[in-house]
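Colleague: What follows is protein_38.cif, mmCIF, C-alpha atoms.
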data_data
loop_
_atom_site.label_atom_id
_atom_site.label_comp_id
_atom_site.auth_asym_id
_atom_site.auth_seq_id
_atom_site.Cartn_x
_atom_site.Cartn_y
_atom_site.Cartn_z
CA MET L 240 -0.86 25.30 17.06
CA SER L 241 -3.54 23.29 15.32
CA ASP L 242 -7.22 23.96 15.96
CA ILE L 243 -7.72 20.22 15.60
CA LYS L 244 -7.53 18.17 18.81
CA THR L 245 -9.12 14.85 17.86
CA ILE L 246 -8.56 12.92 14.63
CA GLY L 247 -10.77 10.10 13.34
CA VAL L 248 -9.38 7.43 11.01
CA LEU L 249 -11.27 4.90 8.87
CA THR L 250 -10.72 2.54 5.96
CA SER L 251 -13.34 2.43 3.24
CA GLY L 252 -14.12 0.45 0.09
CA GLY L 253 -12.06 -2.57 -0.87
CA ASP L 254 -9.35 -3.60 1.58
CA ALA L 255 -5.72 -3.42 0.51
CA PRO L 256 -2.48 -4.74 2.05
CA GLY L 257 -0.72 -1.85 3.78
CA MET L 258 -3.86 -0.23 5.17
CA ASN L 259 -2.80 -1.36 8.65
CA ALA L 260 0.56 0.34 8.21
CA ALA L 261 -1.27 3.56 7.30
CA ILE L 262 -3.57 3.26 10.33
CA ARG L 263 -0.57 2.66 12.56
CA ALA L 264 1.23 5.71 11.17
CA VAL L 265 -1.82 7.95 11.67
CA VAL L 266 -2.29 6.80 15.25
CA ARG L 267 1.32 6.94 16.35
CA THR L 268 2.14 10.19 14.56
CA GLY L 269 -1.07 11.69 15.90
CA ILE L 270 -0.32 10.71 19.50
CA HIS L 271 3.26 11.94 19.08
CA HIS L 272 1.89 15.38 18.19
CA GLY L 273 -0.60 15.42 21.05
CA PHE L 274 -3.76 14.48 19.15
CA LYS L 275 -6.42 12.14 20.41
CA VAL L 276 -7.08 9.50 17.71
CA MET L 277 -10.42 7.73 17.27
CA GLY L 278 -10.68 4.54 15.22
CA ILE L 279 -13.87 4.17 13.18
CA ARG L 280 -14.76 0.58 12.36
CA LYS L 281 -16.39 -0.57 9.10
CA GLY L 282 -15.81 2.61 7.14
CA TYR L 283 -18.56 5.18 6.68
CA ASN L 284 -21.07 2.69 8.09
CA GLY L 285 -19.20 2.88 11.37
CA LEU L 286 -19.15 6.67 11.25
CA ILE L 287 -22.92 6.82 10.74
CA ASN L 288 -23.63 4.23 13.45
CA GLY L 289 -21.09 5.44 16.01
CA ASP L 290 -18.87 2.33 15.89
CA ILE L 291 -15.97 4.42 17.18
CA THR L 292 -13.35 3.91 19.87
CA GLU L 293 -10.19 5.66 21.01
CA MET L 294 -6.94 4.21 19.70
CA THR L 295 -3.71 4.00 21.67
CA LEU L 296 -0.09 3.18 20.94
CA ARG L 297 -0.84 -0.36 22.05
CA SER L 298 -3.90 -0.76 19.84
CA VAL L 299 -1.74 -0.50 16.70
CA SER L 300 1.06 -2.75 17.94
CA ASP L 301 1.78 -5.88 15.89
CA ILE L 302 -0.36 -4.88 12.89
CA VAL L 303 2.15 -3.45 10.39
CA HIS L 304 2.78 -6.88 8.85
CA ARG L 305 -0.87 -7.90 8.62
CA GLY L 306 -2.97 -7.73 5.46
CA GLY L 307 -6.51 -6.37 5.40
CA THR L 308 -7.51 -3.69 7.88
CA VAL L 309 -7.94 -4.01 11.64
CA LEU L 310 -10.60 -1.30 11.46
CA GLN L 311 -12.47 -3.40 8.89
CA THR L 312 -14.22 -1.86 5.92
CA ALA L 313 -17.61 -1.83 4.24
CA ARG L 314 -19.38 -0.15 1.39
CA CYS L 315 -22.02 2.33 2.54
CA LEU L 316 -24.78 3.17 0.06
CA SER L 317 -26.52 5.51 2.50
CA PHE L 318 -23.41 7.69 2.57
CA LYS L 319 -24.12 8.63 -1.03
CA THR L 320 -27.16 10.56 0.20
CA GLU L 321 -27.42 13.96 1.87
CA GLU L 322 -29.05 12.32 4.86
CA GLY L 323 -26.16 9.90 5.26
CA ILE L 324 -23.57 12.67 5.08
CA LEU L 325 -25.39 14.69 7.73
CA ARG L 326 -25.64 11.66 10.00
CA GLY L 327 -21.89 11.19 9.65
CA ILE L 328 -21.25 14.84 10.53
CA SER L 329 -23.54 14.57 13.54
CA MET L 330 -21.83 11.43 14.84
CA ALA L 331 -18.40 13.01 14.40
CA LYS L 332 -19.57 15.83 16.68
CA VAL L 333 -20.86 13.33 19.25
CA PHE L 334 -17.37 11.82 19.53
CA GLY L 335 -15.59 15.17 19.31
CA ILE L 336 -13.85 14.34 16.02
CA ASP L 337 -12.39 17.53 14.55
CA ALA L 338 -10.89 15.98 11.38
CA LEU L 339 -11.13 12.69 9.53
CA VAL L 340 -8.43 10.66 7.77
CA VAL L 341 -9.93 8.42 5.08
CA ILE L 342 -7.90 5.53 3.66
CA GLY L 343 -9.41 4.17 0.44
CA GLY L 344 -10.05 4.78 -3.25
CA ASP L 345 -11.92 7.29 -5.39
CA GLY L 346 -15.33 6.34 -3.97
CA SER L 347 -14.02 6.89 -0.45
CA TYR L 348 -12.60 10.25 -1.50
CA ARG L 349 -15.95 11.34 -2.87
CA GLY L 350 -17.53 10.67 0.50
CA ALA L 351 -14.73 12.63 2.17
CA LYS L 352 -15.25 15.54 -0.23
CA GLU L 353 -18.92 15.72 0.78
CA LEU L 354 -17.95 15.76 4.45
CA ALA L 355 -15.53 18.60 3.71
CA LYS L 356 -18.30 20.56 1.96
CA HIS L 357 -20.34 20.30 5.17
CA GLY L 358 -17.49 21.58 7.32
CA LEU L 359 -15.64 18.49 8.57
CA PRO L 360 -11.91 18.72 7.70
CA VAL L 361 -10.66 15.62 5.87
CA MET L 362 -7.46 14.01 4.59
CA GLY L 363 -7.33 11.21 2.02
CA ILE L 364 -4.75 8.42 1.76
CA PRO L 365 -4.81 6.31 -1.45
CA GLY L 366 -5.49 2.66 -0.61
CA THR L 367 -6.53 0.30 -3.42
CA ILE L 368 -4.81 -2.62 -5.13
CA ASP L 369 -5.98 -1.41 -8.57
CA ASN L 370 -3.63 1.63 -8.59
CA ASP L 371 -6.42 3.57 -10.30
CA ILE L 372 -6.51 6.85 -8.36
CA GLY L 373 -5.91 9.58 -10.91
CA CYS L 374 -3.94 11.98 -8.74
CA SER L 375 -1.33 9.48 -7.51
CA GLU L 376 1.29 7.45 -9.32
CA TYR L 377 0.95 4.74 -6.67
CA THR L 378 -1.66 3.45 -4.26
CA VAL L 379 -1.17 1.44 -1.06
CA GLY L 380 -1.67 -2.28 -1.70
CA TYR L 381 -0.75 -2.29 -5.37
CA ASP L 382 2.77 -3.66 -4.94
CA THR L 383 1.59 -6.53 -2.75
CA ALA L 384 -1.19 -7.43 -5.19
CA LEU L 385 1.35 -7.48 -8.03
CA ASN L 386 3.62 -9.82 -6.13
CA THR L 387 0.73 -12.08 -5.13
CA ALA L 388 -0.42 -12.40 -8.74
CA GLN L 389 3.15 -12.93 -9.95
CA ASP L 390 3.75 -15.69 -7.43
CA ALA L 391 0.51 -17.44 -8.42
CA LEU L 392 1.30 -17.15 -12.13
CA ASP L 393 4.80 -18.55 -11.67
CA LYS L 394 3.26 -21.62 -10.01
CA ILE L 395 0.64 -21.95 -12.75
CA ARG L 396 3.40 -21.72 -15.36
CA ASP L 397 5.10 -24.77 -13.85
CA THR L 398 2.05 -26.95 -14.32
CA ALA L 399 1.27 -25.43 -17.73
CA TYR L 400 4.74 -26.42 -18.94
CA SER L 401 4.40 -29.95 -17.53
CA HIS L 402 1.18 -30.54 -19.48
CA GLU L 403 1.91 -28.35 -22.53
CA ARG L 404 -1.14 -26.24 -21.69
CA CYS L 405 -2.32 -22.72 -22.15
CA SER L 406 -3.18 -21.04 -18.86
CA VAL L 407 -5.68 -18.17 -18.87
CA LEU L 408 -5.35 -16.12 -15.71
CA GLU L 409 -7.92 -13.52 -14.65
CA VAL L 410 -6.54 -10.91 -12.25
CA MET L 411 -8.22 -8.01 -10.46
CA GLY L 412 -8.71 -4.66 -12.13
CA ARG L 413 -12.32 -3.73 -12.82
CA HIS L 414 -11.62 -0.51 -14.68
CA ALA L 415 -7.82 -0.46 -14.71
CA GLY L 416 -5.38 -2.95 -16.19
CA TYR L 417 -2.27 -2.07 -14.18
CA ILE L 418 -2.07 -5.44 -12.42
CA ALA L 419 -2.67 -7.40 -15.62
CA LEU L 420 -0.16 -5.41 -17.65
CA ASN L 421 2.71 -5.43 -15.19
CA VAL L 422 2.27 -9.05 -14.09
CA GLY L 423 2.01 -10.04 -17.74
CA ILE L 424 5.34 -8.41 -18.53
CA ALA L 425 6.98 -9.83 -15.41
CA CYS L 426 5.81 -13.38 -16.18
CA GLY L 427 6.21 -13.42 -19.95
CA ALA L 428 2.58 -13.69 -21.03
CA GLU L 429 1.80 -14.27 -24.70
CA SER L 430 -1.28 -12.06 -24.50
CA ILE L 431 -2.47 -9.39 -22.05
CA ILE L 432 -6.08 -8.21 -22.25
CA LEU L 433 -6.91 -4.87 -20.60
CA PRO L 434 -10.17 -2.99 -19.96
CA GLU L 435 -8.59 0.14 -21.46
CA LYS L 436 -8.06 -1.49 -24.87
CA SER L 437 -10.51 -3.30 -27.13
CA PHE L 438 -9.38 -6.68 -28.40
CA GLU L 439 -10.17 -9.36 -30.97
CA ILE L 440 -9.78 -12.91 -29.73
CA ASP L 441 -8.41 -14.26 -33.03
CA LYS L 442 -5.89 -11.48 -33.53
CA ASP L 443 -4.84 -10.75 -29.96
CA ILE L 444 -5.02 -14.20 -28.34
CA ILE L 445 -5.28 -17.07 -30.84
CA LYS L 446 -2.67 -15.76 -33.30
CA PRO L 447 0.13 -15.20 -30.71
CA ILE L 448 -0.46 -18.69 -29.30
CA ILE L 449 -0.27 -20.35 -32.73
CA GLU L 450 2.83 -18.34 -33.64
CA GLY L 451 4.44 -19.40 -30.38
CA ARG L 452 3.61 -23.05 -31.02
CA ASN L 453 5.15 -22.79 -34.48
CA ARG L 454 8.36 -21.53 -32.88
CA GLY L 455 8.44 -24.55 -30.60
CA LYS L 456 6.85 -23.21 -27.43
CA LYS L 457 5.41 -25.81 -25.07
CA HIS L 458 3.19 -23.65 -22.84
CA TYR L 459 1.31 -20.37 -23.08
CA ILE L 460 0.05 -17.66 -20.71
CA VAL L 461 -2.89 -15.32 -21.31
CA ILE L 462 -3.71 -12.66 -18.71
CA ILE L 463 -7.12 -11.01 -18.58
CA ALA L 464 -8.11 -8.11 -16.33
CA GLU L 465 -11.25 -8.57 -14.25
CA GLY L 466 -12.96 -5.69 -16.04
CA VAL L 467 -12.81 -7.66 -19.29
CA GLY L 468 -13.60 -11.01 -17.68
CA GLY L 469 -14.59 -14.18 -19.45
CA ALA L 470 -11.46 -16.22 -18.66
CA ILE L 471 -13.37 -19.51 -18.74
CA GLU L 472 -14.96 -18.71 -22.12
CA VAL L 473 -11.61 -17.58 -23.54
CA ALA L 474 -9.97 -20.82 -22.42
CA LYS L 475 -12.68 -22.83 -24.21
CA GLU L 476 -12.22 -20.75 -27.35
CA ILE L 477 -8.46 -21.31 -27.32
CA GLU L 478 -8.90 -25.05 -26.95
CA THR L 479 -11.48 -25.20 -29.76
CA LYS L 480 -9.48 -23.12 -32.24
CA THR L 481 -5.94 -24.36 -31.53
CA GLY L 482 -6.37 -27.87 -30.13
CA ILE L 483 -4.16 -26.82 -27.21
CA GLU L 484 -5.46 -27.81 -23.79
CA ALA L 485 -6.41 -24.63 -21.94
CA ARG L 486 -7.27 -23.99 -18.29
CA ALA L 487 -8.72 -20.85 -16.70
CA THR L 488 -7.78 -19.60 -13.23
CA ILE L 489 -9.55 -16.67 -11.56
CA LEU L 490 -7.32 -15.36 -8.76
CA GLY L 491 -10.05 -13.26 -7.17
CA HIS L 492 -9.71 -11.95 -3.65
CA ILE L 493 -6.45 -13.76 -2.93
CA GLN L 494 -4.88 -10.62 -4.41
CA ARG L 495 -6.32 -8.47 -1.63
CA GLY L 496 -4.85 -10.53 1.17
CA GLY L 497 -1.43 -11.42 2.48
CA SER L 498 1.33 -9.64 4.35
CA PRO L 499 2.17 -6.32 2.63
CA THR L 500 5.51 -5.89 0.90
CA VAL L 501 8.21 -3.62 2.28
CA TYR L 502 7.31 -0.99 -0.30
CA ASP L 503 3.63 -0.96 0.66
CA ARG L 504 4.47 -0.77 4.37
CA VAL L 505 6.90 2.12 3.91
CA MET L 506 4.70 4.10 1.51
CA ALA L 507 1.64 3.64 3.74
CA SER L 508 3.64 4.78 6.76
CA MET L 509 4.95 7.87 4.98
CA MET L 510 1.50 8.79 3.69
CA GLY L 511 -0.17 8.28 7.07
CA ALA L 512 2.43 10.45 8.81
CA LYS L 513 2.14 13.12 6.09
CA ALA L 514 -1.63 13.36 6.63
CA VAL L 515 -1.18 14.00 10.35
CA GLU L 516 1.63 16.50 9.81
CA LEU L 517 -0.64 18.53 7.55
CA LEU L 518 -3.45 18.51 10.11
CA LYS L 519 -0.95 19.65 12.74
CA ASN L 520 -0.30 22.69 10.54
CA ASN L 521 -4.02 23.40 10.03
CA VAL L 522 -3.90 22.16 6.43
CA PHE L 523 -6.83 19.97 5.50
CA ASN L 524 -9.21 18.85 2.74
CA ARG L 525 -6.21 17.38 0.94
CA VAL L 526 -5.33 14.06 -0.67
CA ILE L 527 -1.94 12.46 -0.15
CA ALA L 528 -0.31 11.26 -3.38
CA LEU L 529 2.94 10.03 -4.88
CA LYS L 530 4.31 12.33 -7.58
CA ASP L 531 7.80 11.92 -9.08
CA ASN L 532 8.57 9.48 -6.26
CA LYS L 533 7.75 12.11 -3.62
CA VAL L 534 4.86 12.11 -1.15
CA VAL L 535 2.85 15.28 -1.81
CA ASP L 536 -0.60 16.66 -1.03
CA LEU L 537 -3.29 17.98 -3.39
CA ASP L 538 -6.64 19.72 -2.99
CA ILE L 539 -9.29 17.01 -2.73
CA VAL L 540 -11.62 18.60 -5.31
CA GLU L 541 -8.81 19.00 -7.85
CA ALA L 542 -7.52 15.50 -7.08
CA LEU L 543 -10.88 13.90 -7.88
CA GLU L 544 -10.94 15.60 -11.28
CA MET L 545 -7.57 14.15 -12.31
CA LYS L 546 -7.48 11.25 -14.75
CA LYS L 547 -4.93 8.50 -15.10
CA GLU L 548 -4.22 6.64 -18.31
CA ILE L 549 -2.25 3.46 -18.76
CA ASP L 550 1.09 4.00 -20.52
CA ASN L 551 0.86 2.98 -24.19
CA ASP L 552 4.64 2.58 -24.34
CA ILE L 553 4.43 -0.15 -21.70
CA ILE L 554 1.63 -1.84 -23.65
CA GLU L 555 3.81 -1.82 -26.76
CA LEU L 556 6.72 -3.17 -24.77
CA SER L 557 4.57 -6.07 -23.55
CA LYS L 558 3.81 -6.97 -27.17
CA ILE L 559 7.48 -6.86 -28.18
CA LEU L 560 8.54 -9.00 -25.26
CA SER L 561 5.85 -11.61 -25.98
CA LEU L 562 7.24 -12.34 -29.47
#
If you took the structure in this file and wrote it as C-alpha cells, what would it be?
Modeller:
Amino acid sequence: MSDIKTIGVLTSGGDAPGMNAAIRAVVRTGIHHGFKVMGIRKGYNGLINGDITEMTLRSVSDIVHRGGTVLQTARCLSFKTEEGILRGISMAKVFGIDALVVIGGDGSYRGAKELAKHGLPVMGIPGTIDNDIGCSEYTVGYDTALNTAQDALDKIRDTAYSHERCSVLEVMGRHAGYIALNVGIACGAESIILPEKSFEIDKDIIKPIIEGRNRGKKHYIVIIAEGVGGAIEVAKEIETKTGIEARATILGHIQRGGSPTVYDRVMASMMGAKAVELLKNNVFNRVIALKDNKVVDLDIVEALEMKKEIDNDIIELSKILSL
C-alpha cells in the first residue's frame, strides 16, 4: 500500500495541447486507485497562494479534446527562491497533499526538484510544444504544434504560388529547432534556419532561392525558428537581393492552441497514468519519458542533467530534399 493518500496536480510554464488529457489521466487513474486528487490552478503560483480544489471524475469530463489547460498555467518567479519553495511546501501541507504531479518543461521540473529536496514527493510529465526536454524523445503538445504549423504553411504555400512569392515563416522554438526542421521537411522548404546551427543569409537562404528560380520554381519557402528570429528582416533581404517578392509570417501562439492530435492525447494519457501508478507503488521523484517508443521513468536529478541534440542526419536530409 502507498503511503501517499492525496495527490496534487498542476500545469506549469507554457501551455501545450494534450495537457488536459494528462490532467484527466492523473485524476481518473488516481481516483481509480483510491487517491484523493487536488487540482492546483495557475501552476506554482496557485500552489503558493492556495488556489487548490478537489477534482472529481466529473471535473475532468469533456476536456480530453480541448487545447490549453483547464488548470491554467503561469510563470512564477518567486518559486525560484528558497522562500517561494518553502511557501509551496507549507501550502501543500495545509491541503494535505502528499505528492505532486507537475506537467511542464525543464523549468517546471527544476521547481519540482527543489520541492523534492525539501521532502515533498514529485512526479514530472513532459509537456511543451518545443520537444526540448533532454530525457525524453517526445513531449506532450509537440505533435499538435507540428500539425498546426504544417497546416498554416500549406495554406501560405497556396498564396505564395499564386503570386510567385517567397514566404518566410517563423515558427516557435526558442532554443530548439525541432518544429522548424520537421515542418520544413514536411512542407518542402528551400531553407530551414535553426537556433542550433549558425547560418549565412547569402549562402543558406539567398543562394537556394536563386538556384530554385533558375530551375524554374515559381514560389519559395523559408522557415526560421523563433530562437533565431528576424523573419521580417530576412524577407526584406530576400526581396532586395533577388527581386522576388517576399512576405514574412510569424505564427506565434497559434501553435500552442487547438485540439490535440490523437498521438498527443494517447501519449499524455499514458504518461499521466504511469505517474500515478508509480506513486501507488511508493516510487516518486521521477520524470516520465518516452524512450525507444516506451513510456519509462527516470530519476528527476539525472533527467535534468540529460542533454538532447538535434539529429544532424535529419538536417542533411532536409538539405538534400530542398534541392
Colleague: With distances taken over all atoms listed in the file, which of L:Ile291, L:Leu286, L:Leu325, L:Met411 is nearest to Gly491 (chain L)?
Modeller: L:Met411
Colleague: So which residues get picked by the PyMOL selection byres ((chain L and resi 498) around 6) here, written as a PDB file with C-alpha atoms, in the frame of the given file?
Modeller:
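Written output follows (selection.pdb):
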ATOM      1  CA  HIS L 304       2.780  -6.880   8.850  1.00  0.00           C
ATOM      2  CA  ARG L 305      -0.870  -7.900   8.620  1.00  0.00           C
ATOM      3  CA  GLY L 306      -2.970  -7.730   5.460  1.00  0.00           C
ATOM      4  CA  GLY L 497      -1.430 -11.420   2.480  1.00  0.00           C
ATOM      5  CA  PRO L 499       2.170  -6.320   2.630  1.00  0.00           C
TER       6      PRO L 499
END
Colleague: Report as number ranges by chain the full result of the PyMOL selection byres ((chain L and resi 459-461) around 7) when it is applied to this structure.
Modeller: L: 404-408, 428-431, 448, 458, 462-463
Colleague: Include C-alpha atoms and write out the residues we just selected as a compact mmCIF listing (two decimals), keeping the file's coordinate frame.
Modeller:
# COMPACT_ATOMS: atom_id res chain seq x y z
CA ARG L 404 -1.14 -26.24 -21.69
CA CYS L 405 -2.32 -22.72 -22.15
CA SER L 406 -3.18 -21.04 -18.86
CA VAL L 407 -5.68 -18.17 -18.87
CA LEU L 408 -5.35 -16.12 -15.71
CA ALA L 428 2.58 -13.69 -21.03
CA GLU L 429 1.80 -14.27 -24.70
CA SER L 430 -1.28 -12.06 -24.50
CA ILE L 431 -2.47 -9.39 -22.05
CA ILE L 448 -0.46 -18.69 -29.30
CA HIS L 458 3.19 -23.65 -22.84
CA ILE L 462 -3.71 -12.66 -18.71
CA ILE L 463 -7.12 -11.01 -18.58
Colleague: Starting from the shown file, work through the PyMOL selection byres ((chain L and resi 255) around 8) and note down what comes out as a PyMOL selection string.
Modeller: chain L and resi 253-254+256-258+306-308+366-368+379-381+495-496
Colleague: Of the candidates L:Pro360, L:Gly427, L:Gly482, L:Pro434, which one gets nearest to Arg452 (chain L) if we count only C-alpha atoms?
Modeller: L:Gly482
Colleague: Which neighbours of region 526-531 of chain L fall inside 9 Å, counting all atoms listed in the file, when residues of the same chain fewer than 6 positions from it are skipped, and could you give them as a PyMOL selection string?
Modeller: chain L and resi 348+361-365+374-378+506+510-511+513-514+537-539+542
Colleague: Taking 6 positions as the minimum chain separation for residues in the same chain, which residues sit within 6 Å of region 471-474 of chain L when counting all atoms listed in the file? Answer as a ChimeraX atom specification.
Modeller: /L:485-487
Colleague: Could you please determine the separation between CA of Pro447 (chain L) and CA of Ile559 (chain L) in Å, to one decimal place?
Modeller: 11.4 Å
Colleague: Report, in Å to a single decimal, how far apart CA of Tyr417 (chain L) and CA of Gly451 (chain L) are.
Modeller: 24.7 Å
Colleague: Give as a list of chain:residue names each residue that has an atom at most 9 Å from (7.7, -16.5, -12.8) in the file, counting all atoms listed in the file.
Modeller: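 All residues meeting the 9 Å criterion around (7.7, -16.5, -12.8) are L:Gln389, L:Asp390, L:Ala391, L:Leu392, L:Asp393, L:Lys394, L:Ile395, L:Arg396, L:Asp397, L:Ala425, L:Cys426, L:Gly427.
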Colleague: Pick out the closest residue to Glu322 (chain L) from this set: L:Glu353, L:Glu439, L:Glu409, L:Asp242. Count only C-alpha atoms.
Modeller: L:Glu353
Colleague: Can you tell me, as a list in words, which residues sit within 10 Å of (-2.0, 19.1, 11.0) in the file's frame, using all atoms listed in the file?
Modeller: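 Taken together, the residues in range are Met240, Ser241, Asp242, Ile243, Lys244, Ile246, Gly269, His272, Phe274, Ala338, Met362, Ala512, Lys513, Ala514, Val515, Glu516, Leu517, Leu518, Lys519, Asn520, Asn521, Val522 and Phe523 of chain L.
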Colleague: For Gly412 (chain L), which residue out of L:Ala507, L:Leu359, L:Val467, L:Ile262 is the nearest one, using only C-alpha atoms?
Modeller: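 Using only C-alpha atoms, Gly412 (chain L) sits closest to L:Val467.
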Colleague: Have a look at L:Leu433, L:Val501, L:Val265, L:Ile440 and name the one nearest to Asn386 (chain L); count all atoms listed in the file.
Modeller: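 That would be L:Val501, the residue with the smallest distance to Asn386 (chain L).
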Colleague: I'd like the interatomic distance between CA of Glu403 (chain L) and CA of Glu484 (chain L), to a tenth of an Å.
Modeller: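 Between CA of Glu403 (chain L) and CA of Glu484 (chain L) the gap is 7.5 Å.
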Colleague: Write out as JSON, numbers by chain which residues come within 12 Å of Gly358 (chain L) when counting all atoms listed in the file, dropping same-chain ones fewer than 2 positions away.
Modeller: {"L": [324, 325, 327, 328, 329, 331, 332, 336, 337, 338, 339, 351, 352, 353, 354, 355, 356, 360, 361, 523, 524]}
Colleague: Point out the residue among L:Lys436, L:Ile418, L:Gly343, L:Ile477 with the least atom-to-atom distance to Ala464 (chain L), counting all atoms listed in the file.
Modeller: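 Looking only at the distances to Ala464 (chain L), the closest residue turns out to be L:Ile418.
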Colleague: Give me, as a ChimeraX atom specification, all polymer residues having an atom no more than 9 Å from Ile424 (chain L), counting all atoms listed in the file and skipping those fewer than 3 positions away in the same chain.
Modeller: /L:419-421,427-428,431,553,556-558,560-561
